[in-house]
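Shown next, in structure tokens, is the structure this report addresses.
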Amino acid sequence: MRLIPLLVCSLFVGAALPALAFEDKVDLTLVNKIRDEGTNRSKVMETLSVLTDEIGPRLTGTPALKKAGDWSKSQLTEWGLSNAQTVSIAPFGRSWTLEKSTLRMTAPGKLELVAIPKAWTPGTDGLKHGKAIYAKLETDEDLEKWKGKLAGVILLRDQPIATKPHFTPDAKRHSDQELSDIANLDFEAPAANVRPPMDMAEFAKRQAFNKKLVGYLVEEKVLATINASRGDDGTIFVQGGGSYKKDEPTGPTALVMTAEHYNRVFRLLEKKKDVDMEIEVAVNFGDEDPDNSINVFAEIPGSDKKDEIVMLGGHLDSWHAGTGATDNAAGVAVAMEAVRLLKAINFKPRRTIRIALWGGEEQGLLGSRDFIKKNVAERALSTDAKDKDVPEFMRRATGPLQTKALHGKISAYYNLDNGAGKIRGIYAENNAAAKVIFDSWLAPFHDLGAKTSTMRKTGSTDHVSFDAVGVPGFQFIQEPMDYFTRTHHTNIDVYDKVQKSDMMQAAMIMASFVAHTANRDDMMPRKPMPPEPVKK
């Protein structure tokens with residue numbers, strides 16, 4: 001075993017103090033074995049193909065997610081992992097499967113319109129015909145203005161989308177300057193992928209209006225609604241429309257249309273032309289089935305520290321328009337490949353390694369939050385009437401943290417869910433001690449482009465569930481590629497948008513981080529817990 005020394009840091013408070021040496025072990029023999037297996041006998045794209053080409057989209061609550069969970073559990077068992085299981089996160093809500101969707105303009109000209117229904121939207125109950133109109137419906141005054149005028153129409157909801165030539169590529173890799181900017185903490189800059197604080201009162205007000213709007217559209221007998229996609233060149237960004245909760249109202253059929261087709265229809269309406277359409281959307285709603293809303297777990301048992309756990313994973317669920325390749329079959333395939341690599345080289349961890357493939361991430365980190373709440377820790381959340389329209393994952397904490405059995409047993413959780421780009425480093429989530437360790441573990445992968453660790457936080461994925469309760473949870477820095485410009489929640493999120501070499505590199509790095517965490521003498525250092533919420 002060779003050791004790579006970590007950084008040597010000096011602290012200065014007035015006068016110079018002696019340098020404090022930090023060192024963490026890097027097992028280069030282990031790294032060599034991981035790189036050999038991951039380079040010469042990779043199965044990561046085979047795994048990705050099953051999840052995307054064979055199983056396809058994996059909407060939470062549907063049989064497709066169950067199929068993906070069953071297959072993943074079986075494959076992990078075949079590779080030699082122990083205790084593979086699916087664990088229900090129910091109650092979730094109704095199943096929803098899109099069976100058929102067609103939309104055509106029949107006058108003043110004929111055109112096959114490209115549009116995709118939103119998830120959990122109802123169908124049309126057969127082929128229907130209607131006139132297209134545009135109506136602004138953003139206030140109570142707007143609703144009153146259009147009352148009695150919308151029966152049987154296909155309602156355009158947006159202004160046209162401006163499209164521009166693409167003078168720069170949609171896909172990109174991080175430049176050295178961008179990585180330097182990520183590494184150097186700027187207190188004026190926002191955290192990566194972390195939304196700014198939301199005005200919860202305004203959010204609740206908007207949610208309340210949207211619920212009123214749903215009822216209004218049904219009462220007015222609107223045939224269907226169409227939004228314009230913010231993408232262009234045929235890319236449709238589409239998520240949920242109707243509610244997956246059985247007791248919540250669902251409006252008329254709702255679709256998202258390509259910007260170019262939407263703009264043509266809108267221009268015709270501006271010219272006072274009658275635009276006739278025919279539409280048919282067939283969907284299949286199913287009752288709640290606990291087996292369709294699941295997390296998947298499997299383990300490589302530890303030895304002398306087997307009661308302590310190192311976790312890795314990504315989310316298994318996806319949206320429905322594409323096949324969920326970059327979001328997030330890629331992360332799942334990399335995590336599965338990471339544990340396959342460790343089994344293939346006969347790695348013997350001291351701590352138990354547990355892979356977790358989450359369901360319900362797209363609806364608010366439901367799978368990871370369910371695991372945390374049941375096994376790690378939870379806080380009391382606001383039950384104020386003013387928060388009734390705010391999703392649970394966004395509500396204010398009102399009580400102290402109540403820890404559970406695994407809170408002190410999880411050393412770290414490593415997540416991959418920022419597309420299919422290769423790993424360039426890792427977000428240390430403001431954990432200075434972890435950052436120093438990560439610098440040493442990245443060293444053997446500098447030649448593969450992974451050099452950057454940063455104190456910055458990042459958000460919007462499952463590591464947040466761990467970090468929120470004081471358990472070290474980390475997301476890797478990934479190449480942006482065309483994740484946010486083309487594939488994230490779109491019909492273009494398919495196998496073809498994933499690069500094999502990036503996936504191979506990511507799996508080797510994830511395997512190495514997990515293995516080194518598993519065999520450290522000490523658990524990963526934890527940062528101070530956030531203060532308890534102030535009672536109001």
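By order of appearance in the structure tokens: chains A, B, ..., then residues from 1 within every chain, and ligands from 1 in the order shown.
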
Can you write out as a tab-separated table which residues of segment 243-345 of chain A fall within 7 Å of segment 149-165 of chain A, alongside each residue's closest atom pair and its distance in Å to one decimal, counting only C-alpha atoms and ordering rows by chain and ascending residue number?
```
residue	atom	partner	partner_atom	distance
A:Ala259	CA	A:Ile161	CA	6.0
A:Asn263	CA	A:Pro160	CA	5.2
A:Phe266	CA	A:Pro160	CA	6.8
```

Please write the residues from the selection above to a file, keeping C-alpha atoms, as a short mmCIF file (atom, residue, chain, number, x, y, z; two decimals), in the first residue's frame.
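What follows is the written file selection03.cif:
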```
data_model
loop_
_atom_site.label_atom_id
_atom_site.label_comp_id
_atom_site.auth_asym_id
_atom_site.auth_seq_id
_atom_site.Cartn_x
_atom_site.Cartn_y
_atom_site.Cartn_z
CA ALA A 259 -42.01 26.03 -29.54
CA ASN A 263 -45.60 29.84 -32.34
CA PHE A 266 -50.25 31.61 -32.05
#
```

Can you write out as CSV which residues of segment 275-392 of chain A fall within 10 Å of segment 68-78 of chain A, alongside each residue's closest atom pair and its distance in Å to one decimal, counting only C-alpha atoms and ordering rows by chain and ascending residue number?
```
residue,atom,partner,partner_atom,distance
A:Asp291,CA,A:Gly69,CA,9.3
A:Asn292,CA,A:Gly69,CA,8.8
A:Ser293,CA,A:Gly69,CA,9.4
A:Ile294,CA,A:Gly69,CA,7.3
A:Asn295,CA,A:Gly69,CA,7.5
A:Val296,CA,A:Gly69,CA,6.1
A:Phe297,CA,A:Lys73,CA,7.5
A:Ala298,CA,A:Leu76,CA,6.9
A:Glu299,CA,A:Leu76,CA,8.8
A:Leu316,CA,A:Ala68,CA,7.6
A:Asp317,CA,A:Ala68,CA,8.7
A:Val332,CA,A:Ser72,CA,9.3
A:Ala333,CA,A:Ser72,CA,9.6
A:Met336,CA,A:Leu76,CA,7.4
A:Glu337,CA,A:Leu76,CA,9.5
A:Val339,CA,A:Leu76,CA,8.5
A:Arg340,CA,A:Leu76,CA,7.8
A:Ile355,CA,A:Leu76,CA,9.4
A:Leu357,CA,A:Gly69,CA,8.2
A:Trp358,CA,A:Gly69,CA,9.4
A:Gly359,CA,A:Gly69,CA,9.1
```

Grab the residues selected above and save them as a JSON list (two decimals), in the first residue's frame with N, CA, C and O atoms.
```json
[["chain", "number", "residue", "atom", "x", "y", "z"],
["A", 291, "ASP", "N", -46.21, -1.37, -4.31],
["A", 291, "ASP", "CA", -45.06, -1.95, -4.99],
["A", 291, "ASP", "C", -44.57, -1.09, -6.15],
["A", 291, "ASP", "O", -43.50, -1.37, -6.72],
["A", 292, "ASN", "N", -45.33, -0.07, -6.53],
["A", 292, "ASN", "CA", -44.94, 0.80, -7.64],
["A", 292, "ASN", "C", -44.23, 2.06, -7.18],
["A", 292, "ASN", "O", -43.81, 2.87, -8.02],
["A", 293, "SER", "N", -44.10, 2.24, -5.88],
["A", 293, "SER", "CA", -43.43, 3.42, -5.32],
["A", 293, "SER", "C", -42.37, 2.90, -4.35],
["A", 293, "SER", "O", -42.68, 2.63, -3.19],
["A", 294, "ILE", "N", -41.14, 2.78, -4.83],
["A", 294, "ILE", "CA", -40.16, 2.02, -4.05],
["A", 294, "ILE", "C", -38.76, 2.65, -4.09],
["A", 294, "ILE", "O", -38.42, 3.43, -4.98],
["A", 295, "ASN", "N", -37.97, 2.29, -3.08],
["A", 295, "ASN", "CA", -36.52, 2.42, -3.10],
["A", 295, "ASN", "C", -35.94, 1.02, -3.27],
["A", 295, "ASN", "O", -36.57, 0.03, -2.91],
["A", 296, "VAL", "N", -34.72, 0.94, -3.79],
["A", 296, "VAL", "CA", -34.00, -0.33, -3.93],
["A", 296, "VAL", "C", -32.71, -0.25, -3.13],
["A", 296, "VAL", "O", -31.99, 0.76, -3.22],
["A", 297, "PHE", "N", -32.41, -1.29, -2.35],
["A", 297, "PHE", "CA", -31.18, -1.33, -1.56],
["A", 297, "PHE", "C", -30.47, -2.67, -1.78],
["A", 297, "PHE", "O", -31.11, -3.69, -2.03],
["A", 298, "ALA", "N", -29.16, -2.66, -1.68],
["A", 298, "ALA", "CA", -28.36, -3.89, -1.65],
["A", 298, "ALA", "C", -27.03, -3.55, -0.99],
["A", 298, "ALA", "O", -26.64, -2.38, -0.91],
["A", 299, "GLU", "N", -26.33, -4.58, -0.50],
["A", 299, "GLU", "CA", -25.16, -4.32, 0.34],
["A", 299, "GLU", "C", -23.97, -5.21, -0.02],
["A", 299, "GLU", "O", -24.13, -6.33, -0.51],
["A", 316, "LEU", "N", -33.89, 6.34, -9.24],
["A", 316, "LEU", "CA", -34.32, 5.40, -10.25],
["A", 316, "LEU", "C", -35.52, 5.91, -11.05],
["A", 316, "LEU", "O", -35.72, 5.51, -12.20],
["A", 317, "ASP", "N", -36.31, 6.78, -10.48],
["A", 317, "ASP", "CA", -37.50, 7.27, -11.17],
["A", 317, "ASP", "C", -37.12, 8.31, -12.22],
["A", 317, "ASP", "O", -36.01, 8.85, -12.22],
["A", 332, "VAL", "N", -27.82, 6.02, -11.77],
["A", 332, "VAL", "CA", -28.10, 4.67, -11.27],
["A", 332, "VAL", "C", -27.11, 3.67, -11.85],
["A", 332, "VAL", "O", -26.55, 2.82, -11.14],
["A", 333, "ALA", "N", -26.88, 3.76, -13.17],
["A", 333, "ALA", "CA", -25.96, 2.83, -13.81],
["A", 333, "ALA", "C", -24.54, 3.00, -13.28],
["A", 333, "ALA", "O", -23.82, 2.01, -13.09],
["A", 336, "MET", "N", -24.49, 1.46, -9.73],
["A", 336, "MET", "CA", -24.50, 0.00, -9.84],
["A", 336, "MET", "C", -23.16, -0.52, -10.34],
["A", 336, "MET", "O", -22.65, -1.54, -9.86],
["A", 337, "GLU", "N", -22.58, 0.18, -11.31],
["A", 337, "GLU", "CA", -21.27, -0.23, -11.81],
["A", 337, "GLU", "C", -20.20, -0.10, -10.74],
["A", 337, "GLU", "O", -19.28, -0.93, -10.65],
["A", 339, "VAL", "N", -20.47, -0.55, -7.46],
["A", 339, "VAL", "CA", -20.48, -1.71, -6.57],
["A", 339, "VAL", "C", -20.11, -2.98, -7.31],
["A", 339, "VAL", "O", -19.51, -3.90, -6.74],
["A", 340, "ARG", "N", -20.45, -3.06, -8.62],
["A", 340, "ARG", "CA", -20.01, -4.22, -9.40],
["A", 340, "ARG", "C", -18.49, -4.28, -9.46],
["A", 340, "ARG", "O", -17.87, -5.36, -9.33],
["A", 355, "ILE", "N", -25.83, 0.36, -1.47],
["A", 355, "ILE", "CA", -26.31, 1.14, -2.61],
["A", 355, "ILE", "C", -27.79, 1.42, -2.42],
["A", 355, "ILE", "O", -28.54, 0.56, -1.95],
["A", 357, "LEU", "N", -31.10, 3.12, -4.56],
["A", 357, "LEU", "CA", -31.70, 3.66, -5.78],
["A", 357, "LEU", "C", -33.07, 4.18, -5.40],
["A", 357, "LEU", "O", -33.96, 3.41, -5.04],
["A", 358, "TRP", "N", -33.24, 5.50, -5.48],
["A", 358, "TRP", "CA", -34.39, 6.15, -4.88],
["A", 358, "TRP", "C", -35.56, 6.27, -5.85],
["A", 358, "TRP", "O", -35.39, 6.52, -7.04],
["A", 359, "GLY", "N", -36.77, 6.15, -5.34],
["A", 359, "GLY", "CA", -37.97, 6.51, -6.06],
["A", 359, "GLY", "C", -38.47, 7.87, -5.61],
["A", 359, "GLY", "O", -38.05, 8.39, -4.57]]
```

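For the atom pair formed by atom CA of Gly93 of chain A and atom CA of Val283 of chain A, the distance is 15.7 Å, given to one decimal.
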
- In segment 345-453 of chain A, DSSP helix (DSSP H, G or I) residues written as a ChimeraX atom specification: /A:361-363,366-375,385-387,392-394,432-448

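For the choices A:Gly322, A:Asp140, A:Val469, A:Arg396, the atom-to-atom distance to Ile55 of chain A is smallest for A:Gly322 when using only C-alpha atoms.
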
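Residues surrounding Asn328 of chain A within 7 Å are Gly314, His315, Leu316, Ser318, Asp417 and Gly419 of chain A [only C-alpha atoms; sequence separation below 5 positions excluded].
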
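Counting only C-alpha atoms and comparing A:Gly459, A:Gly470, A:Gly240, A:Pro108, the residue that lies closest to Gln402 of chain A is A:Gly470.
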
Produce a table with one row for each residue of segment 158-214 of chain A that has an atom at most 12 Å from any atom of segment 485-505 of chain A, each row naming the nearest atom pair and its distance in Å at one decimal; use only C-alpha atoms; arrange rows by chain and rising residue number; format as CSV.
```
residue,atom,partner,partner_atom,distance
A:His166,CA,A:Thr485,CA,11.2
A:Thr168,CA,A:Thr485,CA,11.5
A:Pro169,CA,A:Thr485,CA,9.7
A:Asp170,CA,A:Thr485,CA,6.0
A:Ala171,CA,A:Thr485,CA,7.6
A:Lys172,CA,A:Thr485,CA,10.1
A:Arg173,CA,A:Asp502,CA,11.3
```

Using the selection just defined, write its residues with all heavy atoms as a PDB file, in the first residue's frame.
```pdb
ATOM      1  N   HIS A 166     -28.464  28.963 -32.725  1.00  0.00           N
ATOM      2  CA  HIS A 166     -27.531  28.438 -31.731  1.00  0.00           C
ATOM      3  C   HIS A 166     -26.097  28.707 -32.197  1.00  0.00           C
ATOM      4  O   HIS A 166     -25.480  27.879 -32.866  1.00  0.00           O
ATOM      5  CB  HIS A 166     -27.755  26.936 -31.534  1.00  0.00           C
ATOM      6  CG  HIS A 166     -29.069  26.608 -30.906  1.00  0.00           C
ATOM      7  ND1 HIS A 166     -29.235  25.604 -29.979  1.00  0.00           N
ATOM      8  CD2 HIS A 166     -30.303  27.157 -31.053  1.00  0.00           C
ATOM      9  CE1 HIS A 166     -30.492  25.545 -29.588  1.00  0.00           C
ATOM     10  NE2 HIS A 166     -31.156  26.478 -30.243  1.00  0.00           N
ATOM     11  N   THR A 168     -23.616  29.103 -30.156  1.00  0.00           N
ATOM     12  CA  THR A 168     -22.737  28.344 -29.263  1.00  0.00           C
ATOM     13  C   THR A 168     -23.334  26.955 -29.099  1.00  0.00           C
ATOM     14  O   THR A 168     -24.542  26.777 -29.196  1.00  0.00           O
ATOM     15  CB  THR A 168     -22.610  29.012 -27.885  1.00  0.00           C
ATOM     16  OG1 THR A 168     -23.921  29.171 -27.312  1.00  0.00           O
ATOM     17  CG2 THR A 168     -21.942  30.381 -28.003  1.00  0.00           C
ATOM     18  N   PRO A 169     -22.494  25.942 -28.845  1.00  0.00           N
ATOM     19  CA  PRO A 169     -23.024  24.575 -28.748  1.00  0.00           C
ATOM     20  C   PRO A 169     -23.919  24.390 -27.537  1.00  0.00           C
ATOM     21  O   PRO A 169     -23.742  25.038 -26.509  1.00  0.00           O
ATOM     22  CB  PRO A 169     -21.754  23.721 -28.651  1.00  0.00           C
ATOM     23  CG  PRO A 169     -20.703  24.639 -28.135  1.00  0.00           C
ATOM     24  CD  PRO A 169     -21.028  25.978 -28.688  1.00  0.00           C
ATOM     25  N   ASP A 170     -24.889  23.497 -27.675  1.00  0.00           N
ATOM     26  CA  ASP A 170     -25.753  23.173 -26.544  1.00  0.00           C
ATOM     27  C   ASP A 170     -24.988  22.428 -25.459  1.00  0.00           C
ATOM     28  O   ASP A 170     -25.253  22.605 -24.268  1.00  0.00           O
ATOM     29  CB  ASP A 170     -26.923  22.304 -27.010  1.00  0.00           C
ATOM     30  CG  ASP A 170     -27.850  23.041 -27.954  1.00  0.00           C
ATOM     31  OD1 ASP A 170     -28.048  24.243 -27.757  1.00  0.00           O
ATOM     32  OD2 ASP A 170     -28.370  22.411 -28.896  1.00  0.00           O
ATOM     33  N   ALA A 171     -24.051  21.580 -25.881  1.00  0.00           N
ATOM     34  CA  ALA A 171     -23.273  20.788 -24.925  1.00  0.00           C
ATOM     35  C   ALA A 171     -21.911  21.431 -24.695  1.00  0.00           C
ATOM     36  O   ALA A 171     -21.294  21.978 -25.615  1.00  0.00           O
ATOM     37  CB  ALA A 171     -23.090  19.364 -25.438  1.00  0.00           C
ATOM     38  N   LYS A 172     -21.443  21.377 -23.452  1.00  0.00           N
ATOM     39  CA  LYS A 172     -20.137  21.938 -23.124  1.00  0.00           C
ATOM     40  C   LYS A 172     -19.518  21.152 -21.983  1.00  0.00           C
ATOM     41  O   LYS A 172     -20.207  20.442 -21.240  1.00  0.00           O
ATOM     42  CB  LYS A 172     -20.260  23.404 -22.715  1.00  0.00           C
ATOM     43  CG  LYS A 172     -21.167  23.649 -21.512  1.00  0.00           C
ATOM     44  CD  LYS A 172     -21.117  25.093 -21.041  1.00  0.00           C
ATOM     45  CE  LYS A 172     -19.787  25.402 -20.380  1.00  0.00           C
ATOM     46  NZ  LYS A 172     -19.752  26.744 -19.776  1.00  0.00           N
ATOM     47  N   ARG A 173     -18.212  21.276 -21.859  1.00  0.00           N
ATOM     48  CA  ARG A 173     -17.491  20.752 -20.709  1.00  0.00           C
ATOM     49  C   ARG A 173     -16.934  21.922 -19.912  1.00  0.00           C
ATOM     50  O   ARG A 173     -16.765  23.022 -20.436  1.00  0.00           O
ATOM     51  CB  ARG A 173     -16.363  19.809 -21.151  1.00  0.00           C
ATOM     52  CG  ARG A 173     -16.873  18.533 -21.830  1.00  0.00           C
ATOM     53  CD  ARG A 173     -15.746  17.530 -22.038  1.00  0.00           C
ATOM     54  NE  ARG A 173     -16.195  16.331 -22.736  1.00  0.00           N
ATOM     55  CZ  ARG A 173     -16.740  15.269 -22.148  1.00  0.00           C
ATOM     56  NH1 ARG A 173     -16.927  15.270 -20.837  1.00  0.00           N
ATOM     57  NH2 ARG A 173     -17.096  14.215 -22.850  1.00  0.00           N
TER      58      ARG A 173
END
```

Ala282 of chain A: which residues within 8 Å, counting only C-alpha atoms, same-chain residues fewer than 4 positions away excluded, as an mmCIF file with all heavy atoms, in the first residue's frame?
```cif
data_model
loop_
_atom_site.group_PDB
_atom_site.id
_atom_site.type_symbol
_atom_site.label_atom_id
_atom_site.label_comp_id
_atom_site.auth_asym_id
_atom_site.auth_seq_id
_atom_site.Cartn_x
_atom_site.Cartn_y
_atom_site.Cartn_z
ATOM 1 N N LEU A 98 -49.152 6.802 -20.082
ATOM 2 C CA LEU A 98 -49.597 7.386 -21.347
ATOM 3 C C LEU A 98 -49.689 6.274 -22.395
ATOM 4 O O LEU A 98 -48.700 5.619 -22.706
ATOM 5 C CB LEU A 98 -48.622 8.470 -21.805
ATOM 6 C CG LEU A 98 -48.904 9.117 -23.164
ATOM 7 C CD1 LEU A 98 -50.257 9.818 -23.157
ATOM 8 C CD2 LEU A 98 -47.782 10.092 -23.526
ATOM 9 N N GLU A 99 -50.866 6.074 -22.943
ATOM 10 C CA GLU A 99 -51.085 5.023 -23.935
ATOM 11 C C GLU A 99 -51.003 5.547 -25.363
ATOM 12 O O GLU A 99 -50.477 4.880 -26.258
ATOM 13 C CB GLU A 99 -52.465 4.380 -23.704
ATOM 14 C CG GLU A 99 -52.686 3.809 -22.312
ATOM 15 C CD GLU A 99 -51.860 2.564 -22.048
ATOM 16 O OE1 GLU A 99 -51.261 2.024 -23.002
ATOM 17 O OE2 GLU A 99 -51.812 2.131 -20.880
ATOM 18 N N LYS A 100 -51.505 6.764 -25.591
ATOM 19 C CA LYS A 100 -51.564 7.292 -26.951
ATOM 20 C C LYS A 100 -51.757 8.797 -26.899
ATOM 21 O O LYS A 100 -52.452 9.310 -26.012
ATOM 22 C CB LYS A 100 -52.726 6.646 -27.728
ATOM 23 C CG LYS A 100 -52.923 7.168 -29.141
ATOM 24 C CD LYS A 100 -54.143 6.508 -29.784
ATOM 25 C CE LYS A 100 -54.361 7.026 -31.201
ATOM 26 N NZ LYS A 100 -55.560 6.417 -31.838
ATOM 27 N N SER A 101 -51.164 9.512 -27.855
ATOM 28 C CA SER A 101 -51.375 10.957 -27.917
ATOM 29 C C SER A 101 -51.197 11.438 -29.355
ATOM 30 O O SER A 101 -50.153 11.201 -29.969
ATOM 31 C CB SER A 101 -50.390 11.693 -27.002
ATOM 32 O OG SER A 101 -50.542 13.095 -27.132
ATOM 33 N N PRO A 122 -55.553 13.906 -17.386
ATOM 34 C CA PRO A 122 -56.547 12.948 -17.883
ATOM 35 C C PRO A 122 -56.517 12.869 -19.404
ATOM 36 O O PRO A 122 -55.955 13.735 -20.082
ATOM 37 C CB PRO A 122 -57.872 13.533 -17.387
ATOM 38 C CG PRO A 122 -57.608 14.990 -17.283
ATOM 39 C CD PRO A 122 -56.176 15.131 -16.865
ATOM 40 N N GLY A 123 -57.138 11.841 -19.950
ATOM 41 C CA GLY A 123 -57.269 11.705 -21.393
ATOM 42 C C GLY A 123 -58.479 12.456 -21.913
ATOM 43 O O GLY A 123 -59.202 13.127 -21.169
ATOM 44 N N THR A 124 -58.722 12.315 -23.217
ATOM 45 C CA THR A 124 -59.824 13.039 -23.865
ATOM 46 C C THR A 124 -61.056 12.177 -24.066
ATOM 47 O O THR A 124 -62.064 12.670 -24.585
ATOM 48 C CB THR A 124 -59.369 13.574 -25.233
ATOM 49 O OG1 THR A 124 -58.913 12.471 -26.034
ATOM 50 C CG2 THR A 124 -58.260 14.601 -25.069
ATOM 51 N N ASP A 125 -60.966 10.886 -23.720
ATOM 52 C CA ASP A 125 -62.090 9.967 -23.937
ATOM 53 C C ASP A 125 -62.449 9.914 -25.417
ATOM 54 O O ASP A 125 -63.594 10.157 -25.826
ATOM 55 C CB ASP A 125 -63.299 10.389 -23.097
ATOM 56 C CG ASP A 125 -64.384 9.303 -23.059
ATOM 57 O OD1 ASP A 125 -64.049 8.123 -23.297
ATOM 58 O OD2 ASP A 125 -65.551 9.642 -22.806
ATOM 59 N N GLY A 126 -61.441 9.596 -26.230
ATOM 60 C CA GLY A 126 -61.660 9.464 -27.663
ATOM 61 C C GLY A 126 -61.194 10.679 -28.448
ATOM 62 O O GLY A 126 -60.662 11.645 -27.895
#
```

- Can you tell me how far atom CA of Leu366 of chain A sits from atom CA of Glu378 of chain A, in Å to one decimal? 13.5 Å

- Item | Minimum-distance residue to Asp307 of chain A, chosen among A:Gly360, A:Gly408, A:Gly324, A:Pro290 (using only C-alpha atoms) | A:Gly408

To test your reading of the structure, identify every residue in segment 243-459 of chain A that backbone DSSP assigns to strand (DSSP E or B), and report it as a PDB file with C-alpha atoms, in the first residue's frame.
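And here's out33.pdb as it stands now:
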```pdb
ATOM      1  CA  THR A 253     -56.079  17.248 -20.738  1.00  0.00           C
ATOM      2  CA  ALA A 254     -52.848  19.272 -20.597  1.00  0.00           C
ATOM      3  CA  LEU A 255     -50.010  19.133 -23.122  1.00  0.00           C
ATOM      4  CA  VAL A 256     -46.723  20.858 -23.892  1.00  0.00           C
ATOM      5  CA  MET A 257     -45.968  21.641 -27.557  1.00  0.00           C
ATOM      6  CA  ASP A 276     -59.247  23.994 -35.830  1.00  0.00           C
ATOM      7  CA  MET A 277     -57.612  21.026 -34.120  1.00  0.00           C
ATOM      8  CA  GLU A 278     -58.313  17.398 -33.421  1.00  0.00           C
ATOM      9  CA  ILE A 279     -56.911  15.716 -30.362  1.00  0.00           C
ATOM     10  CA  GLU A 280     -56.854  12.269 -28.837  1.00  0.00           C
ATOM     11  CA  VAL A 281     -55.057  11.426 -25.605  1.00  0.00           C
ATOM     12  CA  ALA A 282     -55.459   8.024 -23.972  1.00  0.00           C
ATOM     13  CA  VAL A 283     -54.073   7.462 -20.485  1.00  0.00           C
ATOM     14  CA  ASN A 284     -54.364   4.733 -17.911  1.00  0.00           C
ATOM     15  CA  PHE A 285     -54.897   5.716 -14.284  1.00  0.00           C
ATOM     16  CA  GLY A 286     -54.431   3.025 -11.684  1.00  0.00           C
ATOM     17  CA  ILE A 294     -40.159   2.018  -4.054  1.00  0.00           C
ATOM     18  CA  ASN A 295     -36.524   2.416  -3.102  1.00  0.00           C
ATOM     19  CA  VAL A 296     -34.003  -0.330  -3.929  1.00  0.00           C
ATOM     20  CA  PHE A 297     -31.182  -1.332  -1.565  1.00  0.00           C
ATOM     21  CA  ALA A 298     -28.363  -3.887  -1.652  1.00  0.00           C
ATOM     22  CA  GLU A 299     -25.160  -4.323   0.342  1.00  0.00           C
ATOM     23  CA  ILE A 300     -21.565  -5.467   0.380  1.00  0.00           C
ATOM     24  CA  LYS A 305     -16.920  -2.085  11.316  1.00  0.00           C
ATOM     25  CA  LYS A 306     -19.935  -3.753   9.673  1.00  0.00           C
ATOM     26  CA  ASP A 307     -22.435  -1.840  11.825  1.00  0.00           C
ATOM     27  CA  GLU A 308     -21.275   1.382  10.188  1.00  0.00           C
ATOM     28  CA  ILE A 309     -22.470   2.163   6.655  1.00  0.00           C
ATOM     29  CA  VAL A 310     -21.187   3.902   3.537  1.00  0.00           C
ATOM     30  CA  MET A 311     -23.928   4.706   1.045  1.00  0.00           C
ATOM     31  CA  LEU A 312     -23.986   5.591  -2.631  1.00  0.00           C
ATOM     32  CA  GLY A 313     -26.739   5.998  -5.177  1.00  0.00           C
ATOM     33  CA  GLY A 314     -28.961   8.012  -7.456  1.00  0.00           C
ATOM     34  CA  HIS A 315     -32.667   8.155  -8.254  1.00  0.00           C
ATOM     35  CA  ARG A 351     -17.783  -0.863   6.825  1.00  0.00           C
ATOM     36  CA  THR A 352     -20.900  -2.135   5.082  1.00  0.00           C
ATOM     37  CA  ILE A 353     -21.437  -0.571   1.661  1.00  0.00           C
ATOM     38  CA  ARG A 354     -25.085   0.058   0.797  1.00  0.00           C
ATOM     39  CA  ILE A 355     -26.307   1.142  -2.608  1.00  0.00           C
ATOM     40  CA  ALA A 356     -29.617   3.044  -2.664  1.00  0.00           C
ATOM     41  CA  LEU A 357     -31.697   3.658  -5.776  1.00  0.00           C
ATOM     42  CA  TRP A 358     -34.391   6.153  -4.884  1.00  0.00           C
ATOM     43  CA  ALA A 377     -33.770  11.517  11.786  1.00  0.00           C
ATOM     44  CA  GLU A 378     -36.774  13.796  11.417  1.00  0.00           C
ATOM     45  CA  LEU A 381     -42.815  20.516  10.291  1.00  0.00           C
ATOM     46  CA  ALA A 397     -39.104  22.989  10.476  1.00  0.00           C
ATOM     47  CA  GLN A 402     -35.119  13.660  16.544  1.00  0.00           C
ATOM     48  CA  THR A 403     -32.357  11.180  15.722  1.00  0.00           C
ATOM     49  CA  ILE A 410     -23.785   6.380   8.285  1.00  0.00           C
ATOM     50  CA  SER A 411     -20.280   7.571   7.487  1.00  0.00           C
ATOM     51  CA  ALA A 412     -21.229   9.267   4.198  1.00  0.00           C
ATOM     52  CA  TYR A 413     -23.602   9.163   1.239  1.00  0.00           C
ATOM     53  CA  TYR A 414     -22.325   9.806  -2.320  1.00  0.00           C
ATOM     54  CA  ASN A 415     -24.821  10.812  -5.000  1.00  0.00           C
ATOM     55  CA  ILE A 423     -16.907  13.636 -12.707  1.00  0.00           C
ATOM     56  CA  ARG A 424     -14.641  16.680 -12.369  1.00  0.00           C
ATOM     57  CA  GLY A 425     -14.605  16.768  -8.561  1.00  0.00           C
ATOM     58  CA  ILE A 426     -16.957  16.965  -5.609  1.00  0.00           C
ATOM     59  CA  TYR A 427     -18.964  19.484  -3.565  1.00  0.00           C
ATOM     60  CA  THR A 452     -11.622  19.910  -8.099  1.00  0.00           C
ATOM     61  CA  SER A 453     -13.057  19.918  -4.605  1.00  0.00           C
ATOM     62  CA  THR A 454     -14.984  22.868  -3.299  1.00  0.00           C
ATOM     63  CA  THR A 458     -25.204  22.174  -4.214  1.00  0.00           C
TER      64      THR A 458
END
```

- Separation of atom CA of Leu59 of chain A and atom CA of Ile116 of chain A, in Å? 14.9 Å

- With a distance cut-off of 8 Å and only C-alpha atoms, select the neighbouring residues of Tyr244 of chain A, excluding the residue or stretch itself and same-chain residues fewer than 5 positions from it, and output the selection as a PyMOL selection string. chain A and resi 92-96+120

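Each of A:Arg456, A:Arg395, A:His516, A:Lys409 was compared to Phe203 of chain A using only C-alpha atoms, and A:Arg395 turns out to be the nearest.
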